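Data block for start_26.txt (compact mmCIF, C-alpha atoms and all ligand atoms):
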# COMPACT_ATOMS: atom_id res chain seq x y z
CA MET P 2 -131.34 -45.58 14.27
CA LYS P 3 -134.40 -46.04 12.03
CA GLN P 4 -132.85 -43.93 9.29
CA TYR P 5 -129.69 -46.08 9.42
CA LEU P 6 -131.65 -49.34 9.21
CA ASP P 7 -133.82 -47.89 6.38
CA LEU P 8 -130.66 -47.11 4.41
CA CYS P 9 -129.26 -50.62 5.02
CA GLN P 10 -132.58 -52.15 3.88
CA ARG P 11 -132.70 -49.88 0.83
CA ILE P 12 -129.24 -51.03 -0.24
CA VAL P 13 -130.25 -54.69 0.22
CA ASP P 14 -133.53 -54.21 -1.72
CA GLU P 15 -132.53 -51.74 -4.44
CA GLY P 16 -128.72 -51.70 -4.61
CA THR P 17 -126.73 -52.27 -7.81
CA TRP P 18 -123.62 -54.50 -7.80
CA ILE P 19 -120.54 -52.43 -8.69
CA ASN P 20 -117.01 -53.80 -8.97
CA ASN P 21 -114.55 -51.72 -6.93
CA GLU P 22 -111.07 -51.85 -8.42
CA ARG P 23 -109.20 -50.43 -5.43
CA THR P 24 -110.30 -53.20 -3.05
CA ASN P 25 -111.03 -55.83 -5.72
CA LYS P 26 -114.42 -56.46 -4.13
CA ARG P 27 -117.97 -56.00 -5.39
CA CYS P 28 -120.18 -53.49 -3.57
CA LEU P 29 -123.97 -53.38 -3.44
CA THR P 30 -124.46 -49.64 -3.99
CA VAL P 31 -127.07 -46.87 -3.91
CA ILE P 32 -126.57 -43.18 -4.68
CA ASN P 33 -127.64 -40.43 -2.26
CA ALA P 34 -128.81 -40.66 1.32
CA ASP P 35 -129.61 -37.81 3.72
CA LEU P 36 -129.49 -38.44 7.46
CA THR P 37 -130.38 -35.91 10.20
CA TYR P 38 -129.23 -35.90 13.82
CA ASP P 39 -131.05 -33.98 16.56
CA VAL P 40 -128.11 -32.77 18.63
CA ALA P 41 -130.26 -30.16 20.42
CA ASN P 42 -132.28 -32.97 22.05
CA ASN P 43 -129.31 -35.32 22.57
CA GLN P 44 -130.61 -38.05 20.25
CA PHE P 45 -127.22 -39.72 19.93
CA PRO P 46 -127.25 -41.75 16.65
CA LEU P 47 -125.54 -44.85 17.97
CA VAL P 48 -126.24 -48.18 16.28
CA THR P 49 -128.07 -50.48 18.72
CA THR P 50 -128.62 -53.54 16.49
CA ARG P 51 -124.98 -54.48 17.15
CA LYS P 52 -122.41 -53.36 19.70
CA SER P 53 -120.80 -50.14 18.45
CA PHE P 54 -117.23 -49.24 19.46
CA TRP P 55 -118.18 -45.57 19.67
CA LYS P 56 -114.98 -44.54 21.50
CA SER P 57 -112.97 -45.41 18.37
CA ALA P 58 -115.24 -43.14 16.33
CA ILE P 59 -114.70 -40.24 18.73
CA ALA P 60 -110.94 -40.88 18.74
CA GLU P 61 -110.96 -40.55 14.94
CA ILE P 62 -112.76 -37.19 14.91
CA ILE P 63 -110.52 -35.79 17.66
CA GLY P 64 -107.49 -36.97 15.67
CA TYR P 65 -108.84 -35.16 12.59
CA MET P 66 -109.40 -31.98 14.65
CA ARG P 67 -105.78 -32.22 15.83
CA GLY P 68 -104.42 -32.74 12.33
CA TYR P 69 -102.95 -36.21 12.96
CA GLN P 70 -101.04 -37.91 10.16
CA SER P 71 -99.75 -41.03 11.90
CA ALA P 72 -101.63 -44.22 12.82
CA ALA P 73 -99.46 -44.29 15.99
CA ASP P 74 -101.08 -41.03 17.17
CA PHE P 75 -104.56 -42.48 16.55
CA ARG P 76 -103.56 -45.61 18.52
CA ALA P 77 -102.30 -43.49 21.43
CA LEU P 78 -105.68 -41.75 21.51
CA GLY P 79 -107.51 -45.10 21.55
CA THR P 80 -108.22 -46.43 18.07
CA LYS P 81 -106.49 -48.90 15.75
CA THR P 82 -108.80 -48.07 12.83
CA TRP P 83 -106.06 -46.38 10.76
CA ASP P 84 -103.46 -49.16 11.13
CA ALA P 85 -104.54 -51.10 8.04
CA ASN P 86 -104.66 -48.05 5.78
CA ALA P 87 -101.20 -46.94 6.98
CA ASN P 88 -99.43 -50.28 6.92
CA LEU P 89 -101.33 -52.84 4.81
CA ASN P 90 -102.54 -50.85 1.80
CA GLU P 91 -100.51 -52.05 -1.21
CA ALA P 92 -100.79 -48.83 -3.24
CA TRP P 93 -99.69 -46.70 -0.27
CA LEU P 94 -96.82 -49.06 0.66
CA ASN P 95 -95.48 -48.64 -2.88
CA ASN P 96 -96.01 -44.86 -2.88
CA PRO P 97 -92.66 -43.00 -2.61
CA ASN P 98 -94.42 -40.25 -0.59
CA ARG P 99 -95.05 -42.65 2.35
CA LYS P 100 -92.62 -41.69 5.13
CA GLY P 101 -92.39 -45.12 6.80
CA GLU P 102 -94.27 -47.19 9.42
CA ASP P 103 -97.64 -45.71 10.48
CA ASP P 104 -97.43 -42.69 8.15
CA LEU P 105 -100.84 -41.76 6.74
CA GLY P 106 -99.65 -38.77 4.76
CA LEU P 107 -101.80 -35.73 4.06
CA ILE P 108 -105.23 -36.91 5.19
CA TYR P 109 -108.19 -35.21 6.84
CA GLY P 110 -107.01 -32.75 9.52
CA ALA P 111 -103.46 -32.69 8.18
CA LEU P 112 -105.06 -30.70 5.34
CA GLY P 113 -107.86 -29.00 7.31
CA ARG P 114 -105.43 -27.56 9.87
CA ALA P 115 -102.86 -26.46 7.26
CA PHE P 116 -104.60 -26.12 3.92
CA PRO P 117 -101.98 -25.14 1.30
CA LYS P 118 -102.58 -21.78 -0.39
CA PRO P 119 -101.97 -21.52 -4.15
CA ASN P 120 -99.70 -18.51 -3.53
CA GLY P 121 -97.70 -20.16 -0.73
CA GLY P 122 -98.29 -20.71 3.00
CA HIS P 123 -101.21 -22.45 4.70
CA VAL P 124 -104.63 -21.70 6.18
CA ASP P 125 -105.83 -23.24 9.46
CA LEU P 126 -109.45 -23.70 8.42
CA LEU P 127 -110.66 -25.10 11.75
CA GLN P 128 -109.08 -22.32 13.86
CA ASN P 129 -110.63 -19.67 11.59
CA ILE P 130 -114.09 -21.23 11.91
CA VAL P 131 -113.78 -21.49 15.70
CA ASP P 132 -112.69 -17.84 15.90
CA ASP P 133 -115.65 -16.67 13.79
CA LEU P 134 -118.31 -18.79 15.52
CA SER P 135 -117.01 -17.69 18.94
CA LYS P 136 -117.72 -14.08 17.92
CA GLY P 137 -121.19 -15.00 16.58
CA ILE P 138 -120.00 -14.60 12.99
CA ASP P 139 -121.23 -16.85 10.17
CA ASN P 140 -119.81 -15.57 6.87
CA ARG P 141 -121.89 -18.15 4.95
CA GLY P 142 -118.71 -20.00 4.12
CA GLU P 143 -117.62 -21.54 7.43
CA ILE P 144 -116.35 -24.64 5.66
CA LEU P 145 -113.90 -27.19 7.02
CA THR P 146 -112.75 -29.11 3.97
CA PHE P 147 -110.34 -32.03 3.85
CA LEU P 148 -110.56 -32.39 0.08
CA HIS P 149 -107.52 -31.34 -1.94
CA PRO P 150 -107.38 -33.14 -5.30
CA GLY P 151 -103.75 -32.00 -5.71
CA ALA P 152 -102.84 -33.98 -2.58
CA PHE P 153 -104.44 -37.33 -3.40
CA ASP P 154 -101.09 -39.03 -4.05
CA LEU P 155 -99.65 -37.56 -0.82
CA GLY P 156 -102.00 -39.53 1.46
CA CYS P 157 -103.03 -43.16 1.98
CA LEU P 158 -106.73 -42.54 1.27
CA ARG P 159 -108.85 -39.73 -0.08
CA PRO P 160 -111.10 -38.30 2.66
CA CYS P 161 -114.52 -39.94 2.73
CA MET P 162 -116.40 -37.42 4.87
CA TYR P 163 -114.62 -34.57 3.16
CA GLU P 164 -116.47 -31.41 4.15
CA HIS P 165 -118.18 -29.91 7.22
CA HIS P 166 -120.07 -26.62 6.75
CA PHE P 167 -121.13 -24.78 9.94
CA SER P 168 -123.98 -22.25 10.09
CA LEU P 169 -125.30 -19.96 12.83
CA LEU P 170 -128.91 -18.87 13.23
CA GLY P 171 -128.74 -16.54 16.22
CA ASP P 172 -126.84 -18.62 18.76
CA THR P 173 -127.86 -22.02 17.36
CA LEU P 174 -125.18 -23.87 15.43
CA TYR P 175 -125.99 -26.20 12.52
CA LEU P 176 -123.76 -28.55 10.56
CA ASN P 177 -123.97 -29.93 7.02
CA SER P 178 -121.48 -32.75 6.47
CA THR P 179 -120.83 -34.36 3.09
CA GLN P 180 -119.48 -37.85 2.46
CA ARG P 181 -118.45 -39.08 -1.00
CA SER P 182 -118.11 -42.79 -0.20
CA CYS P 183 -119.59 -44.79 2.66
CA ASP P 184 -118.97 -48.34 3.94
CA VAL P 185 -122.40 -48.60 5.56
CA PRO P 186 -121.84 -51.59 7.92
CA LEU P 187 -118.48 -50.33 9.29
CA GLY P 188 -117.76 -46.72 8.36
CA LEU P 189 -121.25 -45.24 8.77
CA ASN P 190 -121.59 -46.71 12.24
CA PHE P 191 -118.69 -44.36 13.08
CA ASN P 192 -119.47 -41.46 10.75
CA MET P 193 -122.90 -40.82 12.32
CA VAL P 194 -121.23 -40.53 15.74
CA GLN P 195 -118.57 -38.20 14.29
CA VAL P 196 -121.01 -35.77 12.66
CA TYR P 197 -122.98 -35.63 15.92
CA VAL P 198 -119.89 -35.14 18.11
CA LEU P 199 -118.38 -32.53 15.79
CA LEU P 200 -121.48 -30.34 16.07
CA ALA P 201 -121.80 -30.92 19.83
CA LEU P 202 -118.12 -30.09 20.45
CA MET P 203 -118.02 -27.07 18.15
CA ALA P 204 -121.15 -25.61 19.79
CA GLN P 205 -119.63 -26.19 23.24
CA ILE P 206 -116.26 -24.54 22.50
CA THR P 207 -117.72 -21.57 20.61
CA GLY P 208 -120.41 -20.77 23.22
CA ASN P 209 -123.36 -21.65 20.97
CA LYS P 210 -126.27 -24.10 21.27
CA PRO P 211 -126.22 -27.18 19.04
CA GLY P 212 -129.12 -27.50 16.59
CA LYS P 213 -129.36 -30.20 13.93
CA ALA P 214 -126.64 -31.93 11.91
CA TYR P 215 -127.40 -32.91 8.31
CA HIS P 216 -125.31 -35.72 6.83
CA LYS P 217 -125.29 -36.20 3.05
CA ILE P 218 -123.87 -39.42 1.65
CA VAL P 219 -123.28 -39.83 -2.08
CA ASN P 220 -122.09 -43.43 -2.72
CA ALA P 221 -123.45 -45.72 0.02
CA HIS P 222 -122.35 -49.35 -0.23
CA ILE P 223 -122.16 -52.76 1.43
CA TYR P 224 -119.14 -54.91 0.43
CA GLU P 225 -120.01 -58.37 -0.88
CA ASP P 226 -118.54 -60.15 2.16
CA GLN P 227 -120.61 -57.95 4.52
CA LEU P 228 -123.97 -58.59 2.87
CA ALA P 229 -124.98 -61.86 4.57
CA PRO P 230 -124.42 -60.66 8.18
CA MET P 231 -126.19 -57.37 7.41
CA ARG P 232 -129.20 -58.96 5.66
CA ASP P 233 -129.55 -62.12 7.74
CA ILE P 234 -128.48 -60.95 11.21
CA GLN P 235 -128.35 -57.18 11.79
CA LEU P 236 -131.49 -56.31 9.81
CA LYS P 237 -133.50 -59.01 11.62
CA ARG P 238 -132.90 -57.37 15.02
CA GLU P 239 -135.18 -54.83 16.75
CA PRO P 240 -133.46 -51.52 17.60
CA PHE P 241 -133.33 -50.13 21.17
CA PRO P 242 -134.02 -46.46 22.12
CA ALA P 243 -131.26 -43.91 21.42
CA PRO P 244 -128.75 -43.47 24.27
CA LYS P 245 -127.41 -40.10 25.48
CA LEU P 246 -123.92 -38.70 25.00
CA ILE P 247 -122.36 -36.75 27.87
CA ILE P 248 -119.38 -34.53 27.04
CA ASN P 249 -117.17 -33.13 29.81
CA PRO P 250 -118.36 -29.50 30.23
CA GLU P 251 -114.77 -28.48 31.10
CA ILE P 252 -113.89 -28.70 27.39
CA LYS P 253 -114.06 -25.01 26.52
CA SER P 254 -111.68 -24.33 23.63
CA LEU P 255 -109.96 -25.78 20.59
CA LYS P 256 -106.75 -25.70 22.66
CA ASP P 257 -108.41 -28.00 25.21
CA ILE P 258 -109.23 -30.46 22.41
CA GLU P 259 -105.67 -30.20 21.08
CA THR P 260 -103.97 -30.65 24.44
CA TRP P 261 -105.68 -32.64 27.22
CA VAL P 262 -108.95 -34.15 25.99
CA THR P 263 -109.10 -37.99 26.08
CA LEU P 264 -111.84 -40.53 25.48
CA ASP P 265 -112.59 -40.41 29.23
CA ASP P 266 -114.19 -37.00 28.61
CA PHE P 267 -117.04 -38.74 26.73
CA LYS P 268 -119.67 -41.00 28.35
CA VAL P 269 -122.67 -42.75 26.85
CA GLU P 270 -125.69 -43.25 29.12
CA GLY P 271 -128.35 -45.89 28.60
CA TYR P 272 -126.70 -47.78 25.74
CA GLN P 273 -128.71 -50.96 25.18
CA HIS P 274 -127.43 -52.98 22.24
CA HIS P 275 -127.47 -56.40 20.60
CA ASP P 276 -124.30 -58.56 20.35
CA ALA P 277 -121.27 -57.45 18.34
CA ILE P 278 -121.06 -58.42 14.65
CA HIS P 279 -117.55 -58.48 13.19
CA TYR P 280 -117.81 -57.23 9.62
CA PRO P 281 -114.93 -57.80 7.18
CA PHE P 282 -112.86 -54.68 6.47
CA ALA P 283 -111.77 -53.93 2.89
CA VAL P 284 -108.26 -52.40 2.57
N1 LIG Z 301 -113.21 -50.18 3.82
C1 LIG Z 301 -113.11 -49.17 4.70
N2 LIG Z 301 -114.17 -48.88 5.47
C2 LIG Z 301 -114.10 -47.85 6.37
O1 LIG Z 301 -115.12 -47.62 7.06
C3 LIG Z 301 -112.90 -47.09 6.47
C4 LIG Z 301 -111.81 -47.43 5.65
N3 LIG Z 301 -111.93 -48.47 4.77
N4 LIG Z 301 -110.62 -46.76 5.74
C5 LIG Z 301 -110.50 -45.56 6.53
C6 LIG Z 301 -111.39 -45.53 7.69
C7 LIG Z 301 -111.05 -46.42 8.85
N5 LIG Z 301 -112.38 -46.70 9.40
C8 LIG Z 301 -112.70 -47.84 10.13
C9 LIG Z 301 -111.76 -48.85 10.28
C10 LIG Z 301 -112.06 -49.98 11.01
C11 LIG Z 301 -113.31 -50.11 11.60
C12 LIG Z 301 -113.58 -51.33 12.42
O2 LIG Z 301 -112.87 -52.32 12.34
N6 LIG Z 301 -114.60 -51.31 13.25
C13 LIG Z 301 -114.99 -52.46 14.08
C14 LIG Z 301 -114.29 -52.48 15.41
C15 LIG Z 301 -113.70 -51.20 15.86
C16 LIG Z 301 -112.98 -51.24 17.21
O3 LIG Z 301 -112.82 -52.32 17.81
O4 LIG Z 301 -112.57 -50.18 17.66
C17 LIG Z 301 -116.49 -52.38 14.28
O5 LIG Z 301 -117.06 -53.44 14.60
O6 LIG Z 301 -117.06 -51.31 14.15
C18 LIG Z 301 -114.25 -49.10 11.46
C19 LIG Z 301 -113.94 -47.97 10.72
C20 LIG Z 301 -113.39 -46.03 8.63
N7 LIG Z 301 -112.76 -46.00 7.35
O1 LIG Z 302 -114.88 -42.21 7.43
C1 LIG Z 302 -114.89 -43.11 6.56
C2 LIG Z 302 -113.74 -43.47 5.88
C3 LIG Z 302 -113.83 -44.44 4.93
N1 LIG Z 302 -115.00 -45.05 4.65
C4 LIG Z 302 -115.03 -46.12 3.63
C5 LIG Z 302 -115.77 -45.86 2.35
C6 LIG Z 302 -115.09 -46.82 1.38
O2 LIG Z 302 -115.61 -48.13 1.56
C7 LIG Z 302 -113.64 -46.80 1.87
C8 LIG Z 302 -112.79 -45.80 1.11
O3 LIG Z 302 -112.59 -46.25 -0.19
P1 LIG Z 302 -112.53 -45.28 -1.47
O4 LIG Z 302 -112.12 -46.22 -2.57
O5 LIG Z 302 -111.50 -44.24 -1.20
O6 LIG Z 302 -113.91 -44.73 -1.67
O7 LIG Z 302 -113.70 -46.40 3.22
C9 LIG Z 302 -116.14 -44.71 5.34
O8 LIG Z 302 -117.24 -45.27 5.13
N2 LIG Z 302 -116.05 -43.73 6.27

Could the structure of this file be written out as structure tokens, please?
Amino acid sequence: MKQYLDLCQRIVDEGTWINNERTNKRCLTVINADLTYDVANNQFPLVTTRKSFWKSAIAEIIGYMRGYQSAADFRALGTKTWDANANLNEAWLNNPNRKGEDDLGLIYGALGRAFPKPNGGHVDLLQNIVDDLSKGIDNRGEILTFLHPGAFDLGCLRPCMYEHHFSLLGDTLYLNSTQRSCDVPLGLNFNMVQVYVLLALMAQITGNKPGKAYHKIVNAHIYEDQLAPMRDIQLKREPFPAPKLIINPEIKSLKDIETWVTLDDFKVEGYQHHDAIHYPFAV
């Protein structure tokens, strides 16, 4: 939590105003931030200085692991966070590749579960990584990438957290996740949870112990209409201790995640938080 608040404060104190053409909003921006999550000791990085809707964050990462490409599928799992990008984003609505209501196109897992090969066919990157890690193999390239520059016009949004690189030291699993663009008040609140859960789940289904997760952010920003609540409300609050995340131990394989897992398989214990703050969302 401290590292999150330090980043928010750094943006407020040292950020540069940058005009963002896509959203037509100005963003107070810094370049480069490195966050670390101690998954081994269950230090769940949940924001406590406002109420966090952590179940939505977990629904997103499960949807990415399943390769979802429809906002309706994300809603069925328990989050509405992709509705605006599917159905209110002007550029996407005018894109001839959009296949109708709720279509997100080739985003995140839709690529990671079927990455197109230059010579034809697809690779299921996630399945390959799970297979290797389950056998104790780390080929020093266990990389789940969602970034395909040739597919940018086939999806509603380029992936923000675009790469997850897994590493094994003995039977301890590590994760390095990279994010190109980060909406710190809204997106990061979710992305921290997702990096943590991805390492915890991957360790659990491959029979390894979770170690640390390292989260690199390149462009970290606060939109102009989010600045006042961040600076004058959220940053004035005292954080509470980190809660614990409990994952159903019956989740044992990627198939389990693909088939029966729901948000009821995740519980947070000891979550003390301040009141909700409703930040504006830039489409
Ligand atoms: N501008 C922008 N920021 C983002 O963080 C973002 C995007 N766009 N587009 C793609 C996804 C969608 N994400 C979202 C979308 C909505 C919320 C949001 O509204 N969060 C509220 C309530 C969530 C709920 O009730 O479930 C929050 O208070 O955190 C968060 C992340 C993250 N990503
Ligand atoms: O997981 C996510 C997804 C999106 N975001 C934010 C970062 C930006 O504010 C927008 C994406 O806009 P681009 O113009 O494509 O950079 O969404 C996030 O923080 N986390």

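Between ligand LIG 301 (chain Z) and the candidates P:Asn220, P:Asn129, P:Thr24, P:Asn120, the tightest atom-to-atom separation, counting all atoms listed in the file, involves P:Thr24.
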
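Distance annotation: of P:Pro230, P:Gly79, P:Gly156, P:Pro211, the residue with the minimal separation from ligand LIG 301 (chain Z) is P:Gly79; atom set is only C-alpha atoms and all ligand atoms.
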
From the list P:Gln195, P:Gln70, P:Gln235, P:Ser57, which residue is nearest ligand LIG 301 (chain Z) when using all atoms listed in the file?
->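 Closest to ligand LIG 301 (chain Z) of all the choices is P:Ser57.
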
Using all atoms of ligand LIG 302 (chain Z) listed in the file and a margin of 4 Å per side, can you give the axis-aligned box centre and edge lengths in Å to one decimal, as AutoDock Vina command-line options?
--center_x -114.4 --center_y -45.2 --center_z 2.4 --size_x 13.7 --size_y 13.9 --size_z 18.0

Scan for residues within 10 Å of the point (-109.3, -35.7, 0.1) in the coordinates of the file, using all atoms listed in the file, and reply as a list of chain:residue names.
-> P:Leu107, P:Ile108, P:Tyr109, P:Leu112, P:Gly113, P:Thr146, P:Phe147, P:Leu148, P:His149, P:Pro150, P:Gly151, P:Ala152, P:Phe153, P:Asp154, P:Leu155, P:Gly156, P:Cys157, P:Leu158, P:Arg159, P:Pro160, P:Cys161, P:Met162, P:Tyr163, P:Glu164, P:Arg181

Go ahead and save the residues from that selection, with C-alpha atoms, as an mmCIF file, in the frame of the given file.
data_model
loop_
_atom_site.group_PDB
_atom_site.id
_atom_site.type_symbol
_atom_site.label_atom_id
_atom_site.label_comp_id
_atom_site.auth_asym_id
_atom_site.auth_seq_id
_atom_site.Cartn_x
_atom_site.Cartn_y
_atom_site.Cartn_z
ATOM 1 C CA LEU P 107 -101.800 -35.730 4.060
ATOM 2 C CA ILE P 108 -105.230 -36.910 5.190
ATOM 3 C CA TYR P 109 -108.190 -35.210 6.840
ATOM 4 C CA LEU P 112 -105.060 -30.700 5.340
ATOM 5 C CA GLY P 113 -107.860 -29.000 7.310
ATOM 6 C CA THR P 146 -112.750 -29.110 3.970
ATOM 7 C CA PHE P 147 -110.340 -32.030 3.850
ATOM 8 C CA LEU P 148 -110.560 -32.390 0.080
ATOM 9 C CA HIS P 149 -107.520 -31.340 -1.940
ATOM 10 C CA PRO P 150 -107.380 -33.140 -5.300
ATOM 11 C CA GLY P 151 -103.750 -32.000 -5.710
ATOM 12 C CA ALA P 152 -102.840 -33.980 -2.580
ATOM 13 C CA PHE P 153 -104.440 -37.330 -3.400
ATOM 14 C CA ASP P 154 -101.090 -39.030 -4.050
ATOM 15 C CA LEU P 155 -99.650 -37.560 -0.820
ATOM 16 C CA GLY P 156 -102.000 -39.530 1.460
ATOM 17 C CA CYS P 157 -103.030 -43.160 1.980
ATOM 18 C CA LEU P 158 -106.730 -42.540 1.270
ATOM 19 C CA ARG P 159 -108.850 -39.730 -0.080
ATOM 20 C CA PRO P 160 -111.100 -38.300 2.660
ATOM 21 C CA CYS P 161 -114.520 -39.940 2.730
ATOM 22 C CA MET P 162 -116.400 -37.420 4.870
ATOM 23 C CA TYR P 163 -114.620 -34.570 3.160
ATOM 24 C CA GLU P 164 -116.470 -31.410 4.150
ATOM 25 C CA ARG P 181 -118.450 -39.080 -1.000
#

Can you tell me which residues surround His274 (chain P) at a distance of at most 6 Å, considering only C-alpha atoms, apart from same-chain residues fewer than 2 positions away, and format the answer as a short mmCIF file (atom, residue, chain, number, x, y, z; two decimals) with C-alpha atoms, keeping the file's coordinate frame?
data_model
loop_
_atom_site.label_atom_id
_atom_site.label_comp_id
_atom_site.auth_asym_id
_atom_site.auth_seq_id
_atom_site.Cartn_x
_atom_site.Cartn_y
_atom_site.Cartn_z
CA THR P 49 -128.07 -50.48 18.72
CA THR P 50 -128.62 -53.54 16.49
CA ARG P 51 -124.98 -54.48 17.15
CA LYS P 52 -122.41 -53.36 19.70
#

Could you give me, as a PDB file with C-alpha atoms, in the frame of the given file, every polymer residue with an atom at most 6 Å away from an atom of ligand LIG 301 (chain Z), counting only C-alpha atoms and all ligand atoms?
ATOM      1  CA  SER P  53    -120.800 -50.140  18.450  1.00  0.00           C
ATOM      2  CA  PHE P  54    -117.230 -49.240  19.460  1.00  0.00           C
ATOM      3  CA  SER P  57    -112.970 -45.410  18.370  1.00  0.00           C
ATOM      4  CA  THR P  80    -108.220 -46.430  18.070  1.00  0.00           C
ATOM      5  CA  THR P  82    -108.800 -48.070  12.830  1.00  0.00           C
ATOM      6  CA  TRP P  83    -106.060 -46.380  10.760  1.00  0.00           C
ATOM      7  CA  ASP P 184    -118.970 -48.340   3.940  1.00  0.00           C
ATOM      8  CA  LEU P 187    -118.480 -50.330   9.290  1.00  0.00           C
ATOM      9  CA  GLY P 188    -117.760 -46.720   8.360  1.00  0.00           C
ATOM     10  CA  HIS P 279    -117.550 -58.480  13.190  1.00  0.00           C
ATOM     11  CA  PHE P 282    -112.860 -54.680   6.470  1.00  0.00           C
ATOM     12  CA  ALA P 283    -111.770 -53.930   2.890  1.00  0.00           C
ATOM     13  CA  VAL P 284    -108.260 -52.400   2.570  1.00  0.00           C
TER      14      VAL P 284
END

Separating CA of Gly68 (chain P) from CA of Phe191 (chain P), to the nearest tenth of an Å, is a gap of 18.4 Å

Nearest-residue call for Leu228 (chain P), choices P:Arg141, P:Ile130, P:Pro281, P:Tyr65, using only C-alpha atoms =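 Of all the options, P:Pro281 lies closest to Leu228 (chain P).
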
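Note that CA of Leu246 (chain P) and atom N1 of ligand LIG 302 (chain Z) are 23.1 Å apart.
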
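Using only C-alpha atoms and all ligand atoms, the nearest neighbour of ligand LIG 302 (chain Z) within the list P:Ala85, P:Leu127, P:Ala115, P:Cys183 is P:Cys183.
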
Interatomic distance (Å, one decimal) between CA of Arg232 (chain P) and atom P1 of ligand LIG 302 (chain Z) =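 Pair CA of Arg232 (chain P) / atom P1 of ligand LIG 302 (chain Z) returns 22.7 Å.
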
Nearby residues (all atoms listed in the file) at most 12 Å from Val262 (chain P), same-chain spacing under 3 positions excluded, as a PyMOL selection string | chain P and resi 59-60+63-64+66-67+78-79+202+248-259+265-267
